[in-house]
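Engineer: For reference, the file target-v3.cif (mmCIF, C-alpha atoms) is included below:
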data_query
#
loop_
_atom_site.label_atom_id
_atom_site.label_comp_id
_atom_site.auth_asym_id
_atom_site.auth_seq_id
_atom_site.Cartn_x
_atom_site.Cartn_y
_atom_site.Cartn_z
CA MET A 1 240.84 -128.41 92.73
CA SER A 2 241.47 -124.72 93.32
CA TYR A 3 239.91 -121.85 91.43
CA TYR A 4 241.48 -120.96 88.13
CA PRO A 5 244.60 -118.74 88.47
CA LEU A 6 243.77 -115.04 88.68
CA ASN A 7 246.26 -114.13 85.97
CA SER A 8 244.30 -116.27 83.52
CA ILE A 9 241.07 -114.26 83.70
CA PRO A 10 240.15 -113.48 80.08
CA ASP A 11 240.88 -110.22 78.29
CA TYR A 12 240.63 -111.48 74.73
CA TYR A 13 240.34 -108.06 73.08
CA GLY A 14 242.92 -106.24 75.19
CA ILE A 15 240.34 -104.21 77.07
CA ASP A 16 242.89 -103.56 79.80
CA ASP A 17 244.54 -101.22 77.29
CA LEU A 18 241.43 -99.04 77.53
CA LEU A 19 241.71 -98.80 81.30
CA THR A 20 243.85 -96.44 83.35
CA GLU A 21 246.52 -97.61 85.75
CA GLU A 22 244.17 -96.62 88.57
CA HIS A 23 241.37 -98.76 87.13
CA ILE A 24 243.65 -101.81 86.98
CA LEU A 25 245.01 -101.21 90.47
CA ILE A 26 241.49 -100.94 91.90
CA ARG A 27 240.27 -104.03 90.07
CA ASN A 28 243.25 -106.13 91.09
CA SER A 29 243.05 -105.10 94.74
CA VAL A 30 239.37 -106.07 94.92
CA ARG A 31 240.15 -109.27 92.99
CA ASP A 32 242.77 -110.24 95.57
CA TRP A 33 240.40 -109.45 98.44
CA VAL A 34 237.67 -111.62 96.93
CA GLN A 35 240.15 -114.45 96.46
CA SER A 36 241.43 -114.31 100.03
CA PHE A 37 238.27 -113.33 101.96
CA ILE A 38 235.21 -114.45 99.98
CA MET A 39 236.27 -117.61 98.16
CA PRO A 40 237.29 -119.64 101.24
CA GLN A 41 233.90 -119.17 102.92
CA ILE A 42 231.32 -118.56 100.22
CA ASP A 43 230.27 -122.17 99.66
CA ASP A 44 229.68 -122.71 103.38
CA ALA A 45 227.68 -119.49 103.60
CA ALA A 46 225.51 -120.43 100.62
CA GLN A 47 225.06 -124.05 101.71
CA HIS A 48 223.95 -123.04 105.20
CA HIS A 49 221.93 -119.98 104.20
CA LYS A 50 223.96 -117.56 106.31
CA ASP A 51 225.45 -114.18 105.58
CA ILE A 52 229.19 -113.53 105.69
CA PRO A 53 230.18 -112.04 109.08
CA ASN A 54 231.22 -108.37 109.03
CA LEU A 55 230.79 -108.25 105.25
CA MET A 56 229.70 -104.62 105.09
CA LYS A 57 232.59 -103.36 107.21
CA GLU A 58 235.01 -105.41 105.11
CA LEU A 59 233.51 -103.91 101.93
CA GLY A 60 233.82 -100.47 103.47
CA ALA A 61 237.45 -101.08 104.34
CA ILE A 62 238.34 -101.84 100.70
CA GLY A 63 236.40 -98.83 99.39
CA ALA A 64 233.65 -100.84 97.69
CA LEU A 65 230.73 -98.90 99.22
CA GLY A 66 229.73 -95.76 97.34
CA PRO A 67 233.10 -95.54 95.55
CA TYR A 68 231.85 -92.73 93.28
CA ILE A 69 230.67 -90.62 96.24
CA PRO A 70 233.00 -87.62 96.84
CA GLU A 71 235.64 -88.00 99.51
CA GLU A 72 234.13 -85.22 101.65
CA TYR A 73 231.18 -87.56 102.31
CA GLY A 74 233.26 -90.67 102.93
CA GLY A 75 233.46 -92.05 99.39
CA ALA A 76 236.54 -92.51 97.23
CA GLY A 77 235.54 -90.09 94.45
CA LEU A 78 236.13 -92.70 91.74
CA ASP A 79 234.65 -92.78 88.24
CA GLN A 80 231.94 -95.06 86.91
CA ILE A 81 234.31 -97.55 85.26
CA SER A 82 236.02 -98.05 88.62
CA TYR A 83 232.63 -98.71 90.19
CA GLY A 84 231.81 -101.23 87.47
CA LEU A 85 235.11 -103.07 87.86
CA ILE A 86 234.56 -103.31 91.61
CA MET A 87 231.13 -104.83 91.02
CA GLN A 88 232.61 -107.30 88.50
CA GLU A 89 235.16 -108.58 90.99
CA LEU A 90 232.65 -108.81 93.85
CA GLU A 91 230.25 -110.90 91.77
CA ARG A 92 233.05 -113.18 90.70
CA GLY A 93 232.93 -114.11 94.37
CA ASP A 94 229.14 -114.25 94.62
CA SER A 95 226.08 -112.29 93.53
CA ALA A 96 225.10 -111.87 97.18
CA VAL A 97 228.33 -109.97 97.86
CA ARG A 98 227.83 -107.70 94.88
CA SER A 99 224.17 -107.21 95.79
CA ALA A 100 225.08 -106.04 99.29
CA ALA A 101 227.54 -103.49 97.89
CA SER A 102 225.25 -102.49 95.04
CA VAL A 103 222.27 -101.81 97.29
CA GLN A 104 224.39 -99.81 99.72
CA SER A 105 226.02 -97.81 96.92
CA SER A 106 223.37 -97.29 94.23
CA LEU A 107 220.11 -97.58 96.13
CA VAL A 108 220.94 -95.99 99.47
CA MET A 109 224.01 -93.74 99.18
CA PHE A 110 223.18 -92.54 95.66
CA PRO A 111 219.73 -91.09 96.49
CA ILE A 112 220.98 -89.50 99.70
CA PHE A 113 223.83 -87.88 97.77
CA GLU A 114 221.72 -86.84 94.77
CA PHE A 115 218.49 -85.84 96.50
CA GLY A 116 219.32 -85.40 100.18
CA SER A 117 219.98 -82.29 102.23
CA GLU A 118 223.50 -81.34 103.25
CA GLU A 119 222.66 -82.40 106.79
CA GLN A 120 221.47 -85.83 105.58
CA LYS A 121 224.60 -86.33 103.48
CA ARG A 122 226.92 -85.60 106.38
CA LYS A 123 224.89 -87.60 108.86
CA TYR A 124 224.51 -90.84 106.86
CA LEU A 125 226.99 -91.11 103.96
CA PRO A 126 230.27 -91.49 105.89
CA LYS A 127 228.81 -94.25 108.07
CA LEU A 128 227.34 -96.01 105.04
CA ALA A 129 230.68 -95.74 103.20
CA SER A 130 232.55 -97.38 106.07
CA GLY A 131 229.96 -100.11 106.55
CA GLU A 132 229.18 -98.91 110.06
CA PHE A 133 225.61 -98.39 108.84
CA ILE A 134 223.85 -100.93 106.62
CA GLY A 135 221.22 -99.57 104.28
CA ALA A 136 218.18 -101.00 102.50
CA PHE A 137 216.03 -99.71 99.63
CA GLY A 138 212.27 -99.89 99.89
CA LEU A 139 210.45 -99.78 96.54
CA THR A 140 209.11 -103.24 95.58
CA GLU A 141 205.86 -104.25 97.29
CA PRO A 142 203.95 -107.53 97.63
CA ASN A 143 201.47 -106.41 94.96
CA HIS A 144 203.71 -104.14 92.88
CA GLY A 145 207.03 -105.22 91.37
CA SER A 146 207.37 -104.17 87.75
CA ASN A 147 204.80 -101.42 88.28
CA PRO A 148 206.21 -99.22 91.06
CA GLY A 149 203.72 -96.50 90.22
CA GLY A 150 201.01 -98.67 91.74
CA MET A 151 202.65 -98.66 95.17
CA GLU A 152 200.32 -98.75 98.15
CA THR A 153 202.76 -97.66 100.87
CA HIS A 154 201.66 -94.18 101.85
CA TYR A 155 202.36 -91.35 104.26
CA LYS A 156 200.16 -88.71 105.83
CA ASP A 157 201.14 -85.24 107.03
CA MET A 158 200.50 -85.05 110.77
CA GLY A 159 201.82 -81.52 111.24
CA ASP A 160 205.14 -82.04 113.00
CA HIS A 161 205.87 -85.44 111.35
CA TYR A 162 204.66 -87.85 108.67
CA LEU A 163 202.83 -91.10 109.45
CA LEU A 164 204.03 -93.99 107.26
CA ASN A 165 202.06 -97.18 106.57
CA GLY A 166 202.61 -100.07 104.17
CA ALA A 167 205.10 -102.80 103.35
CA LYS A 168 208.01 -103.48 101.01
CA MET A 169 209.11 -106.96 99.90
CA TRP A 170 212.23 -108.71 98.52
CA ILE A 171 214.52 -106.21 100.23
CA THR A 172 218.24 -107.04 100.33
CA ASN A 173 219.79 -106.30 103.74
CA ALA A 174 216.37 -105.64 105.33
CA PRO A 175 216.91 -107.81 108.44
CA LEU A 176 220.30 -106.15 109.04
CA CYS A 177 219.64 -102.56 108.01
CA ASP A 178 220.22 -99.55 110.22
CA ILE A 179 218.40 -97.24 107.81
CA ALA A 180 216.13 -97.69 104.80
CA VAL A 181 215.49 -95.30 101.93
CA VAL A 182 211.75 -95.78 101.43
CA TRP A 183 209.52 -94.54 98.62
CA ALA A 184 205.87 -93.88 99.39
CA LYS A 185 202.87 -91.91 98.13
CA GLY A 186 201.52 -88.82 99.84
CA GLU A 187 197.90 -87.79 100.06
CA ASP A 188 198.41 -85.91 96.79
CA GLY A 189 199.45 -89.15 95.06
CA LYS A 190 203.04 -87.98 94.55
CA VAL A 191 205.93 -90.32 95.35
CA ARG A 192 208.53 -89.08 97.83
CA GLY A 193 211.61 -90.66 99.37
CA MET A 194 212.43 -90.72 103.07
CA ILE A 195 215.03 -92.15 105.42
CA VAL A 196 213.57 -94.52 108.01
CA GLU A 197 215.82 -95.50 110.90
CA ARG A 198 215.78 -98.77 112.77
CA GLY A 199 214.26 -98.20 116.16
CA TYR A 200 211.35 -96.12 114.94
CA GLU A 201 208.25 -97.51 116.63
CA GLY A 202 206.17 -99.62 114.23
CA PHE A 203 209.08 -100.35 111.84
CA THR A 204 209.88 -104.07 111.53
CA THR A 205 212.03 -106.11 109.13
CA PRO A 206 210.96 -109.78 109.03
CA GLU A 207 213.39 -112.06 107.20
CA THR A 208 212.50 -113.96 104.02
CA THR A 209 213.60 -117.59 104.41
CA ASN A 210 213.68 -120.78 102.29
CA LYS A 211 215.45 -119.10 99.37
CA TRP A 212 217.18 -121.18 96.70
CA SER A 213 219.04 -118.10 95.48
CA LEU A 214 221.29 -115.43 97.04
CA ARG A 215 221.59 -117.67 100.08
CA ALA A 216 224.70 -115.90 101.37
CA SER A 217 222.80 -112.67 102.03
CA LYS A 218 219.81 -111.60 104.07
CA THR A 219 216.53 -110.74 102.34
CA GLY A 220 213.41 -109.52 104.06
CA GLU A 221 210.52 -107.10 104.26
CA LEU A 222 210.15 -103.54 105.47
CA VAL A 223 206.86 -103.19 107.35
CA PHE A 224 205.52 -99.82 108.49
CA ASN A 225 202.69 -99.67 111.01
CA ASN A 226 201.96 -96.04 111.87
CA VAL A 227 205.66 -95.18 111.79
CA LYS A 228 206.38 -91.57 112.74
CA VAL A 229 208.99 -90.21 110.30
CA PRO A 230 210.49 -86.79 111.12
CA LYS A 231 210.00 -84.27 108.36
CA GLU A 232 213.74 -83.65 108.19
CA ASN A 233 214.14 -87.29 107.06
CA PHE A 234 212.41 -86.66 103.72
CA LEU A 235 214.67 -86.29 100.69
CA PRO A 236 214.02 -82.68 99.72
CA ASN A 237 215.31 -82.56 96.16
CA VAL A 238 213.19 -85.06 94.23
CA GLU A 239 209.55 -85.84 93.67
CA GLY A 240 207.84 -88.58 91.67
CA LEU A 241 209.14 -91.86 90.24
CA LYS A 242 212.19 -90.09 88.82
CA GLY A 243 213.83 -90.57 92.23
CA PRO A 244 213.64 -94.35 92.60
CA LEU A 245 214.07 -94.99 88.87
CA SER A 246 217.33 -93.03 88.79
CA CYS A 247 218.55 -95.22 91.66
CA LEU A 248 217.61 -98.32 89.69
CA ASN A 249 219.56 -97.05 86.68
CA SER A 250 222.68 -96.83 88.82
CA ALA A 251 222.08 -100.30 90.25
CA ARG A 252 221.38 -101.81 86.81
CA TYR A 253 224.63 -100.37 85.55
CA GLY A 254 226.50 -102.05 88.39
CA ILE A 255 224.73 -105.34 87.69
CA SER A 256 225.72 -105.25 84.02
CA TRP A 257 229.36 -105.24 85.14
CA GLY A 258 228.87 -107.57 88.08
CA VAL A 259 227.47 -110.54 86.20
CA ILE A 260 230.56 -110.59 83.98
CA GLY A 261 232.43 -111.65 87.11
CA ALA A 262 230.08 -114.58 87.69
CA ALA A 263 230.48 -115.64 84.04
CA ILE A 264 234.27 -115.37 84.27
CA ASP A 265 234.35 -117.56 87.38
CA CYS A 266 232.34 -120.25 85.59
CA TYR A 267 234.36 -119.96 82.38
CA CYS A 268 237.77 -120.17 84.07
CA THR A 269 236.69 -123.17 86.14
CA ALA A 270 235.36 -124.92 83.03
CA VAL A 271 238.60 -124.31 81.09
CA GLN A 272 240.73 -125.72 83.87
CA TYR A 273 238.47 -128.71 84.49
CA SER A 274 238.23 -129.58 80.79
CA LYS A 275 242.02 -129.69 80.53
CA GLU A 276 242.40 -131.89 83.61
CA ARG A 277 239.46 -134.28 83.17
CA THR A 278 240.21 -137.22 80.87
CA GLN A 279 237.72 -139.49 79.09
CA PHE A 280 238.36 -141.99 76.31
CA GLY A 281 242.07 -141.55 76.96
CA LYS A 282 242.35 -137.79 76.46
CA PRO A 283 241.31 -134.49 78.09
CA ILE A 284 237.71 -133.55 77.41
CA ALA A 285 239.05 -130.16 76.23
CA SER A 286 240.15 -131.97 73.09
CA PHE A 287 236.58 -132.78 72.04
CA GLN A 288 234.89 -130.50 69.55
CA LEU A 289 231.68 -129.97 71.53
CA GLN A 290 233.59 -128.81 74.61
CA GLN A 291 235.73 -126.44 72.57
CA LYS A 292 232.55 -125.08 70.97
CA LYS A 293 231.14 -124.27 74.41
CA LEU A 294 234.35 -122.63 75.62
CA ALA A 295 234.68 -120.56 72.45
CA GLU A 296 231.11 -119.35 72.81
CA PHE A 297 231.65 -118.50 76.49
CA LEU A 298 234.71 -116.40 75.72
CA THR A 299 232.95 -114.64 72.84
CA GLU A 300 229.96 -113.68 74.97
CA ILE A 301 232.13 -112.53 77.90
CA THR A 302 234.21 -110.37 75.54
CA LYS A 303 231.10 -108.79 74.03
CA ALA A 304 229.76 -108.04 77.52
CA GLN A 305 233.09 -106.50 78.57
CA LEU A 306 233.08 -104.18 75.56
CA LEU A 307 229.44 -103.26 76.14
CA CYS A 308 230.17 -102.31 79.75
CA TRP A 309 233.33 -100.42 78.97
CA ARG A 310 231.51 -98.25 76.44
CA LEU A 311 228.56 -97.79 78.80
CA GLY A 312 231.00 -96.74 81.51
CA THR A 313 232.51 -94.05 79.30
CA LEU A 314 229.01 -92.78 78.55
CA LYS A 315 228.20 -92.76 82.27
CA ASN A 316 231.36 -90.80 83.00
CA ASP A 317 230.25 -88.21 80.42
CA HIS A 318 226.67 -88.19 81.80
CA LYS A 319 225.41 -89.40 78.41
CA ALA A 320 224.19 -92.93 79.23
CA THR A 321 220.43 -93.29 78.73
CA PRO A 322 218.16 -95.52 80.82
CA ALA A 323 217.46 -97.59 77.69
CA GLN A 324 221.17 -98.16 77.10
CA ILE A 325 221.58 -99.29 80.70
CA SER A 326 218.59 -101.63 80.33
CA MET A 327 220.12 -103.20 77.24
CA ALA A 328 223.39 -103.93 79.05
CA LYS A 329 221.67 -105.30 82.15
CA ARG A 330 219.42 -107.64 80.19
CA ASN A 331 222.09 -108.83 77.76
CA ASN A 332 224.79 -109.42 80.32
CA VAL A 333 222.63 -111.24 82.86
CA ARG A 334 221.30 -113.53 80.13
CA MET A 335 224.90 -114.12 79.00
CA ALA A 336 226.02 -115.00 82.53
CA ILE A 337 223.16 -117.34 83.35
CA ASN A 338 223.65 -119.22 80.08
CA ILE A 339 227.36 -119.65 80.77
CA ALA A 340 226.66 -120.83 84.33
CA ARG A 341 224.26 -123.48 83.04
CA GLU A 342 226.36 -124.66 80.08
CA SER A 343 229.65 -124.68 81.99
CA ARG A 344 227.99 -126.87 84.61
CA GLN A 345 227.45 -129.43 81.84
CA ILE A 346 231.17 -129.48 81.03
CA LEU A 347 231.80 -130.65 84.58
CA GLY A 348 229.11 -133.34 84.38
CA GLY A 349 228.01 -134.56 87.79
CA MET A 350 230.82 -132.67 89.50
CA GLY A 351 229.18 -129.45 88.35
CA ILE A 352 226.53 -129.73 91.05
CA MET A 353 229.08 -129.93 93.86
CA GLY A 354 229.86 -127.05 96.18
CA GLU A 355 233.57 -127.28 95.39
CA PHE A 356 232.72 -125.73 92.03
CA PRO A 357 230.84 -122.43 91.54
CA MET A 358 228.46 -123.18 88.66
CA MET A 359 225.29 -124.20 90.49
CA ARG A 360 225.69 -121.40 93.03
CA HIS A 361 226.14 -118.77 90.33
CA ALA A 362 223.27 -120.20 88.27
CA ALA A 363 220.91 -120.11 91.26
CA ASN A 364 221.98 -116.58 92.16
CA LEU A 365 221.53 -115.35 88.62
CA GLU A 366 217.91 -116.52 88.66
CA SER A 367 217.37 -113.65 91.11
CA VAL A 368 219.58 -111.20 89.24
CA ILE A 369 217.68 -111.78 85.98
CA THR A 370 214.51 -110.75 87.87
CA TYR A 371 215.46 -107.91 90.19
CA GLU A 372 216.09 -104.31 89.14
CA GLY A 373 213.73 -105.00 86.25
CA THR A 374 212.87 -108.40 84.81
CA GLU A 375 214.30 -109.51 81.49
CA ASP A 376 210.90 -108.95 79.86
CA VAL A 377 210.65 -105.41 81.23
CA HIS A 378 214.10 -104.52 79.89
CA LEU A 379 213.18 -105.89 76.48
CA LEU A 380 210.12 -103.63 76.47
CA ILE A 381 212.22 -100.64 77.53
CA THR A 382 214.43 -101.28 74.51
CA GLY A 383 211.34 -101.83 72.36
CA LEU A 384 209.91 -98.49 73.45
CA ASP A 385 213.20 -96.80 72.55
CA ILE A 386 213.15 -98.44 69.11
CA THR A 387 209.50 -97.85 68.20
CA GLY A 388 208.36 -94.97 70.37
CA ILE A 389 205.36 -97.12 71.32
CA ASN A 390 204.76 -97.87 75.02
CA ALA A 391 203.95 -101.57 75.44
CA PHE A 392 203.40 -101.19 79.21
CA SER A 393 200.02 -99.52 78.84
#
Could you spell out this file's structure in structure tokens?

Structural biologist:
Amino acid sequence: MSYYPLNSIPDYYGIDDLLTEEHILIRNSVRDWVQSFIMPQIDDAAQHHKDIPNLMKELGAIGALGPYIPEEYGGAGLDQISYGLIMQELERGDSAVRSAASVQSSLVMFPIFEFGSEEQKRKYLPKLASGEFIGAFGLTEPNHGSNPGGMETHYKDMGDHYLLNGAKMWITNAPLCDIAVVWAKGEDGKVRGMIVERGYEGFTTPETTNKWSLRASKTGELVFNNVKVPKENFLPNVEGLKGPLSCLNSARYGISWGVIGAAIDCYCTAVQYSKERTQFGKPIASFQLQQKKLAEFLTEITKAQLLCWRLGTLKNDHKATPAQISMAKRNNVRMAINIARESRQILGGMGIMGEFPMMRHAANLESVITYEGTEDVHLLITGLDITGINAFS
């Protein structure tokens, strides 16, 4: 069985009418690339816990890395809806593919563009945009996930350089990265960002193995043992948690679009399978319980599409709030993971096989529902916005 035809991907409320011709062209070109490059090899990569060869350069070649970065720095200068549509199509292939592009774009290129010096922008952004450089983002620590303010990684001013010590954990692309944007506390307790290059003495990136999720990408640690970081590598235009949290807002926005792609892949496969699989002398699509599931899937996907489209217009107008982004991230990931699980049931025992995407998407989404803010944290962000009462402290 082949994947469901691309021209049958759902647009139940005519959302394409809200998109520009450029948006549709970008989405369709990435969709075709995913179909031809990712789909034939993704099951093997996930089954054998190996990353896709040359993935970052391939993503760079199709303009999927930092697409909203201006052209003068190597980006495509696209808007936020274009970025979201790219993430949607990449995650239709696999969350690991979208994660690689999302980290590079929102967590590495974004802070260098927003907070970096002109020299840093010109030195790093073009190579990150092409995939020549692979970037990682160092915020989460072994003892501090949802509470980044408690970070223990720290730096000390040594006169002509800073001395960095500490460790970051659960870092996408860490074992492969050429540079890492790292957030650490100074002696004054203030958080600053810096660019740490592979090859600096004392900087190591051990790989995290035995994962049941995101198996087609590399995850690891960033370990700093008296690493000398040149002062010109510090991001000069931000101080405090505002820096890393603004990066997370960009990444969460991309995730809210991306997971729609995973849900669509599961939905389309379930529709096709239910029409072809016969039991009791007729296709299982004719049974009420299966139609109920499919109708619910399509409803939830359509709601998520509308939520993201509106959020994208707000992002384009610089009006999207962190709480609005949190709502979309939480809602859409929960939507996608539920569809992955329930669509697996439509396929019965076949749903666990690698020829079908449900189990792979479901396992991946167990990570997505946790990273860039857990579901519980996003609920509390929304709760704070509703009540004005901080439940975190």

Engineer: Neighbours of stretch 92-104 of chain A within 9 Å (all atoms listed in the file; same-chain residues fewer than 2 positions away dropped), as JSON, numbers by chain?

Structural biologist: {"A": [31, 34, 35, 38, 39, 42, 51, 52, 55, 56, 59, 60, 64, 65, 66, 86, 87, 88, 89, 90, 106, 107, 108, 109, 110, 128, 129, 131, 134, 135, 136, 137, 172, 173, 213, 214, 215, 216, 217, 218, 250, 251, 254, 255, 258, 259, 260, 261, 262, 263, 264, 265, 266, 357, 360, 361, 364, 365, 368]}

Engineer: Just checking: using only C-alpha atoms, which residue out of A:Ile339, A:Ala45, A:Ile346, A:Leu18 ends up closest to A:Thr278?

Structural biologist: A:Ile346

Engineer: I need the residue set behind the PyMOL selection byres ((chain A and resi 341) around 10) for this file; please write it as a list in words.

Structural biologist: Cys266, Ala336, Ile337, Asn338, Ile339, Ala340, Glu342, Ser343, Arg344, Gln345, Ile346, Gly351, Met358, Met359, His361, Ala362 and Ala363 of chain A

Engineer: Using all atoms listed in the file, find the one residue out of A:Phe133, A:Tyr73, A:Tyr12, A:Trp212 that sits nearest to A:Glu300.

Structural biologist: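 Looking only at the distances to A:Glu300, the closest residue turns out to be A:Tyr12.
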
Engineer: Hey, could you pull the box centre and edge lengths for stretch 367-374 of chain A, axis-aligned, 6 Å padding per side, all listed atoms, to one decimal in Å, as AutoDock Vina command-line options?

Structural biologist:
--center_x 216.2 --center_y -109.0 --center_z 88.0 --size_x 18.7 --size_y 21.3 --size_z 18.3
